Each structure stands twice: as C-alpha cells, then as structure tokens.
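The structure under discussion appears below in the form of structure tokens.
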Amino acid sequence: MQTTVGQLAALIEGAVEGDGSIAIRGISSIEDAQDGDITFAESDKLLETAARSRASAVIAPAGSSFQGTTRKPLIRVKNPRFAFAQALRIFAPEPKVYQGIHPSAIIGQNSRFGHNASVHALAFVGDNVTLGDNCVIYPFVYLGDNVAVGDNCVIYPHAVLHDNTEIGSSVVIHSGSVLGTDGFGYMFIENRHYKIPQIGRVIIEDDVEIGANVTIDKARTGSTRIGAGTKIDNMVHIGHNVTVGKNCVIVAQVGVSGSVEIGDGVILAGQVGVKDHVTIGDGTIVAARTGVIGDLPPQSFVSGMYGRPHGNEMRAQAVYGTLPEMQKHIKKLETRLAALEKDAVEKDTEA
Amino acid sequence: MQTTVGQLAALIEGAVEGDGSIAIRGISSIEDAQDGDITFAESDKLLETAARSRASAVIAPAGSSFQGTTRKPLIRVKNPRFAFAQALRIFAPEPKVYQGIHPSAIIGQNSRFGHNASVHALAFVGDNVTLGDNCVIYPFVYLGDNVAVGDNCVIYPHAVLHDNTEIGSSVVIHSGSVLGTDGFGYMFIENRHYKIPQIGRVIIEDDVEIGANVTIDKARTGSTRIGAGTKIDNMVHIGHNVTVGKNCVIVAQVGVSGSVEIGDGVILAGQVGVKDHVTIGDGTIVAARTGVIGDLPPQSFVSGMYGRPHGNEMRAQAVYGTLPEMQKHIKKLETRLAALEKDAVEKDTEA
Amino acid sequence: MQTTVGQLAALIEGAVEGDGSIAIRGISSIEDAQDGDITFAESDKLLETAARSRASAVIAPAGSSFQGTTRKPLIRVKNPRFAFAQALRIFAPEPKVYQGIHPSAIIGQNSRFGHNASVHALAFVGDNVTLGDNCVIYPFVYLGDNVAVGDNCVIYPHAVLHDNTEIGSSVVIHSGSVLGTDGFGYMFIENRHYKIPQIGRVIIEDDVEIGANVTIDKARTGSTRIGAGTKIDNMVHIGHNVTVGKNCVIVAQVGVSGSVEIGDGVILAGQVGVKDHVTIGDGTIVAARTGVIGDLPPQSFVSGMYGRPHGNEMRAQAVYGTLPEMQKHIKKLETRLAALEKDAVEKDTEA
C-alpha cells in the first residue's frame, strides 16, 4: 500500500510537522527502516536516532519541539508507541481468507455456521458445532463435537478444540494449540495408575488470544476457564480446573498446574511454573522463571526458584553471588577470634 | 444419564445411608455441585462442606458415623476419592467414535487393522502398519510406515507416529504429540554440525498414556522406551535412547535429555530437567522445577536448581532467604571483634 | 543391508585389522550390539568393553595397538565417533518418499515446484509458494501464501509455515513446528491489551535443522532470522525479531524472548530462558536451565538462575549447599565472641 504522511497523520490522529505530502510505502522499527518507511521514536534521544535512519518520516512525541538533525516530516502524537501500533494495523496486509466452506473440509451433522463463515480446505468440523459470524477456520483445524465458537474468531492451522469446548467472540487461537484434552489425573491403586475420568470442558471468554502449541486441559468436572481479554503466548500449559481471570498476560512456556486460581490483570512472565491449587491475587506480577509454590495476595511481585517477594529475592541473590567470599570472611573472623581466645587464656594463666 | 443413589452405590460397592431412591443426574466437585449431582468428601470436615453444597448426595468415608448437618443421602465407601473416580467413569459420556475406515482417510499398502478399527476422516496411515482390535485413530493422525499399534489404543488428532514406532495395548496418545522424530545428535567437524543419523525407534509399552504436544525422539540405534503403565503429561520432551521404567509419572513440561535411564515408579514433577546419561533409581521423586545433574539412587527425593536431597535443599533455601540479614550480622560480629582486638592491644600496651 | 568389514572400512576411510571378510548386517552402540553388528570404541578402555560385546566388528582409534581380549576385526580410524556417524549414514534406511504431487494435496495458485518435488497426501500449499529441487513435503504440512523453500528441504508432518516464511536450502523442519506465527506484542491501553500487529516474517538460512513442536514467531516488522547451520532441538520457542547466528546449537525447551540477538556458534543448553532485548556474543555457552538476564560478551560461559559466570556460580552453589552449617557456625562464633566480651568487661571491672 502507499499513503502520505498527511493521510497517515489523519488516521492516527496526529499533527504533521513538515511536508505532509511525502509518500509512505512501509513501516518499520528504526533499525530496519528503509526509504519510504515511517518509523517511531518515543523520546527525543530516539528521535535523533530515527533522524539518522533511512526512514522517510517519524511518529514523534507531542509536547516536545525537539527535532534534532532531522528534516524528515514528523507526526506528533500523545503516545508514539500506540500510534505506531495503529499504523501497523493500517499497513498490515489483509489476510486472504477462503470464502465459504471448502469442498475438502469434513463437516459433521447439525453444525450451524454464522454469516460469512470461512472453513478452509481439509478442516474437520464435528457434529453439533456452532460457529458465529465472520469466523475463519484454517486447514487442518479439528473442531470436536458440540464445540461452540462465537463471532469474529480466527482458528489457525492444526489447532484442536476437543468436544464441548466453548469459545467466546473475537478469540484468536494460533497453530498447533490443543484445547480440551484430558486433565492429568490418576490414583495409584493396586499397583497401577488408575485414570480419573475427565468429564469437564474448556471455556475461553471473549477477546482472548492463545499462541501456538499451547495446551489447555479440560476440567475433571466443571470448567477450565480463561477470562476475557487474557493473552497467552506460545507453548503455555494450563492444567485442568484452572481459572484464569480477565486481562492476564501469560508469557511463553509457562506451566500452570491443576486447580490454580489466577485473578485479573495477572502477569506470568516466561517459563514460570505454578504449583497446583495455588491462588494468585489480582494484579500480581510473577517474574520470568519463577516457581510459585504458595498463594500470592493481590498486587504481589515475586521472583526466584521459590517465589519470594521480588525485593527480597534480589537482595538474597546479590549476597548469593558473594557466598564464597563470605565463607572466607567467616574463616578469617574465626582465626581472629581464636587468637583473642588464646590471648585471653594466656593472660588468665599469667594472672 | 440419570440414576439413583442406590443404583450408583451398587456400582461403586458402597453402602447407602439415607434415601437411596434420590435421583442423580450428574457428578462434580463440592464447589461446582448443582442440584442432582453427587459429590464426594474424604473427611468429616469436607463432609460438612459437602452438606452445605447444592449436591443431592455425597460419597463419604466408611468407618465414620459423622453426618454433620446433612440430610443428603450418603454412599459410604472405603476410599471416597477412588469411588468418585469410578463414579466419574460411569457418568463419562461414551465418546462417539467413527465406525470403520472413513473414505477420506489415506491408507497405505499392506496395512492390517484388527476388529472394530476406527480410522476417522483425513487420517494418514502409511505402508505395513498394523492396528490391533478396537483402536481409534482420530482425524489428522499420521502413522508412518511399519508402525505397529496394539489393541484398544486411542490416538487423538494430530498425533504423529514416525516410521517403525511400536505401541503396546491400551495406550492413549493425545493430540499433537510426536513420537519417533530424530534424536538431537551432531558432531562439530570441519566448522559445521555434522548430523549423526538416528536409525533407532520408539517403543511404548502397554497401558501408557501420553499427553498433548509431547515429543519422544527415536534412538540413534536401538530404542527409546517408555515402560508399561507410565503416564506422561503435556509438553514433555523425552530425548533419544532414554529408557523410562514402569508406572512412572512425568508431569508437564519436563525435559529428559538423551540416554537417561529412569527406573520404575519414578515421579518427575512439572518442569524438571534431567541431564543426559543420568540414571535415576526406582521410586525416586524429583520435585517440580528441579535440575537433575547426576545419578540418583533408588528412593531419592530431590529438589532445587542442582537436584539436592529435598531436606537439604529446603534448609539451604530457608537460610538463602535470610542471606542479607546474615551478611549484616557478620559485619556486626566483625565490628565487635575489632573492638575486642583494639581493647586487647591497648591492654597489652598498658601492660 | 549387508556389507563386510573391508567394504565398510573403504567407505569410512579406515584400516582393517583382522578379517575384513566378516559380514556386517547392522550397526549399534556397544550395549545394544547384536551378532552381525559393527560398533565403535573411542578409547582402549571402551575397546575392551566392545571386545566383550556381541558385536562382530569394532571401529577403533588409530594410533593405538591395543586390542584387549578381542579377536574381532577392527577398523582403525582417526575419529571413531565420526566414523561411526558416517557408518550410521550408510546403514540408515533411505526414507521412502512419495513421488510427485499426491492428488489429495491441496495446491494453491501460482505455486512453482522444482525438479523431483514430493508433496504427499493431505498436504496444503497456499498461493505463490515456491519449492526448490528435491523437496519433500509430508502429509498435513501447511505452507501459507508466498512461502519460499530452497532446494533439498524436508518438511515433516504437521509443520506449519505461515505466509511469507522464507526457508533456505538443505533445511529440515520436524513435525508439529510452527514458523511465522504472530509475535507476542500488546499494549495496555484503556483497560485492555491492544494487539500490536505483527507484519514481519521468519527467515531460515541454509542447512538449519528445526526439531519437533518448535515455535518461531514472525517479526513485528522486518525478520526473525535463524542463521545458516544452526540446529534447534524440540519444543524451543524463539520470539519475534530474534536473530540467531550461524552454527548455533539450541537444545530442547529453550525459550528466547523477543528482540534477542545471538551471535555465531552459541550453545544454549536445555530449558535455558533468555530475557528480551539481550545480546549474546559469539561462542558463548549457556548451561542448562540458566536464566540469561543481561548481555553476554563473546565466549562467555554462564549458568544458574541469574546467568552468572559458570565458575562463580559453581562456587556459590557449593557454599549454598552448606548454608545451614554456616548459619550454625556464625551462631557459635557469636557465642564465643560474647564470652570474650563478657570476660573483657569483667576484667575491666576487676581492673
């Protein structure tokens, strides 16, 4: 696509500084910028870097008159990062979507599709499935029986939604993710692991995005539930009977054990692990690679192997790094102490 | 389905206390219980909670006459949790399974299927594949050449069994798991990583269950083997030439490096990592997120970044949390020691 | 296949010691060796073990005349491990590959395939896809629009290459891997996570191998790039805008956050996590399970929760294990110090 600085400024509600007629053909970060690209700078310092880049225009912070060495046209906005994201949306190619139901797709009985449904080649749709309006089902998607999907959902190749999974509206599920597989539940009885049947399901609320190769297990009874607006990165595992609140962020390779309850607005950074049956309060931040082994009150900020308050963990880690010196130090103190003791004994003996 | 307390008691071998004619239409945990559900309580305390729930009946421990405030009918059993699992099995909907070989499935040459085989739409079966009796192959399953599957196996959508993989009877493989991919073996020769060909295979013994998006690599030569009765959770990685014993439990996101030998009845909790060529003795428990970096004798219980005996790790961790205070404490001791030393020198000087 | 010690020696450029006419029908490690197998030994000690095995011949180190108790024929070579790898390649069964384009594959418009293309059953190829010569596309592979694949590539079942992904020559992608899914980028604006569109792509250079169930996200703008000769194990996650250099080794379950830059010849061992925007210098080794939280200069060797220099981490860990004793020791020192202090006060009082 091609536009101009002025047209783009209108779309992202910014003010042009310089020549609004300059053509813009692409969008990129400062480091990748080519001639014809627009980029963005969140600070005067970055604006100076952008000025020296090959970009043709820069989205810059309002409330500053700094221009640095640039003669490039600027679009002044309140939040350059957000304006850049909006501009990205404008430049994002409209994904080409199959119109209708491809003849090679397998469609079960009693399935009902909303307006404008796209079910692409080699997709599998079970019985009694409902799809809302404007849903896009990519090749190799598996929708089990009684799956219900809301409006405006996109389900990418190889995603698997097992029987009875329920998906809200505006949900995106990326490739290879598996929703509604059996929870991991056994009892050791008479020298073998007896499987505890898992007869619940998975519910995904509106506006959730689920990355690639994620697994979300169905509940033993009842539901495993992901709250509205929550975003889940690649290769996250969510165990059975977990409840995740609204607007949470769960970064790649996190593992959440069974029956965990996670509040609203919680951030679990990459590779975190959460013990089963733990409750995590609203607004809590769990730093990357942390092990959460007990309940966390709202607004906690924890890190480390054993999920300590972040400040404590940082202080303990700092000392940890000096443990060999501390050990030597203690040895020296003991030597000095022993010398004093010997001295005292000798004096006593003298006396 | 609908049953009565009395009928259910007969099936799970329990004794009815109260009105056995009460209708039961569902089953659930105490917290989710609805009118018409049966739930379970493992203790008198939980029975009191169950009494206040909306459940219509409760599976309760035998050997207690405690009834709390409940007027609900009880089914007294020796092991309420096990009886609940049995009742779940009764209530679990019989999964609807495709009868026969779907015309859209691709079936290779010389493949032989047992009685009652179900090969659903868009499944791929290579050449010389054998399936035992009562096997269910879901859509998008890939069975490579010479794959052998025993009786009563279920292979869920998108599972991949590469050439020569051998599966016992009563094995369940969940969606997206990949068995028999190349082990990760290279040699750095003349400035590049030369691939060591992997010509072995994967053997899964009877009664194994493998979760979703698991990967099990084939051996360089010989076999990677998962022992009978072992249960593997989602997103576990098992490297080449690993041997896992019988009745092990391997929880989600565990990684087992190549040539590891794991005994019988071993539990690897979530996100554990095991170094290559390590031997883990029978009955060992490895706590969640532990790094196993050396051999473990039978009946070990280890935890922490470096797989220490659990008690040691817990004690070390407890002190770790107090390291900043310890550091201050040592500084104070030094100050006091210096004061004594100064004092001693002064006295010597006086003397 | 069947060969003789002499024929094999010629192929792997070794010198026969003993009877070169002995038949060889298979190849294996010492522990699995059967009659008719050739195995290898890297040292005189292992040669002694091999001598007692059931193998019919042994690849042994040149420059030693040690034969131990063996009467088996030997093939003397400079590097027995490499010669064994070469021999494995000779014994590896030629994978049977579908010839041509299977009629059940779905092929988009304007797609161009090189000589000898194999596109197997139920594969999906989008529009404007190019495949080089001798490429093998297995069942259930998804190639999005504008995907470009070089010569001699193998793409295993269920791999997903999203739109615009570019693959060099001699690349292998194992089952279930997903390339080019959206990077994980959101802004929290007006109480919801606003998605930052991801309009870049993934570029895989020549001679890269990617394991099973890996995810590599496309860039926000520009490219996520994996350098030539790099080998990636199963279940690795590579975030958006990451650059991985040449000839790196990334072991199973590693997670690399967005915008990380990794130099050439870097080794990330299993379950490592790398923070976003970190730079890792050439030749760096990151030990298993390490958290990398800051830039690392070339040739670093780091380990532990917080990515310390490996020697420091090992020394700190050693002391960590003795923390409970250290704590007791400090308590004793304090008791002795207090006794001295009391003594001193008493003496002062006496004086």
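All residue names refer to the structure tokens as shown: chains lettered A, B, ... in order, residues numbered from 1 in each chain, ligands numbered from 1 in order.
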
Please produce, as a Markdown table, a per-residue contact table for chain B versus chain A (criterion: any atom at most 6 Å away, only C-alpha atoms considered), showing the nearest atom pair and its distance in Å to one decimal, sorted by chain then residue number.
```
| residue | atom | partner | partner_atom | distance |
| --- | --- | --- | --- | --- |
| B:Ser28 | CA | A:Thr221 | CA | 5.3 |
| B:Ala85 | CA | A:Ile196 | CA | 5.1 |
| B:Leu88 | CA | A:Pro197 | CA | 5.8 |
| B:Arg89 | CA | A:Pro197 | CA | 5.6 |
| B:Ala92 | CA | A:Ile199 | CA | 5.7 |
| B:Leu323 | CA | A:Ala316 | CA | 5.4 |
| B:Pro324 | CA | A:Ala316 | CA | 5.8 |
```

Practice problem: Pull the strand (DSSP E or B) assignments for stretch 37-229 of chain B out of DSSP run on the backbone, and list those residues as a VMD selection string. | Solution: chain B and resid 37 to 40 57 to 61 74 to 77 100 to 101 106 to 107 112 to 113 118 to 119 124 to 125 130 to 131 136 to 137 142 to 143 148 to 149 154 to 155 160 to 161 166 to 167 172 to 173 178 to 181 186 to 189 192 to 195 201 to 204 209 to 210 215 to 217 223 to 226

Under the rule that only C-alpha atoms are counted, which of B:Pro103, B:Pro309, B:Ile204, B:Ile173 is the nearest residue to B:Asp233?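 For B:Asp233, the nearest of the candidates is B:Ile173.
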
Exercise. When distances are computed from only C-alpha atoms, which of B:Thr69, B:Gln7, B:Ser303, B:Asn146 shows the smallest separation from B:Ala51?
Worked result: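 Smallest separation from B:Ala51 among the options: B:Thr69.
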
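One finds atom CA of A:Ile90 at 24.5 Å from atom CA of A:Arg71.
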
| task | Have a look at atom CA of C:Ser64 and atom CA of C:Val77 and let me know their distance in Å, one decimal. | result |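 It comes out at 10.2 Å.
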
- Message: Taking only C-alpha atoms into account, name the residue in B:Ser175, B:Thr70, B:Ser53, B:Thr39 that is nearest to B:Gly26.
- Response: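 Going through B:Ser175, B:Thr70, B:Ser53, B:Thr39 one by one, the smallest distance to B:Gly26 is for B:Thr39.
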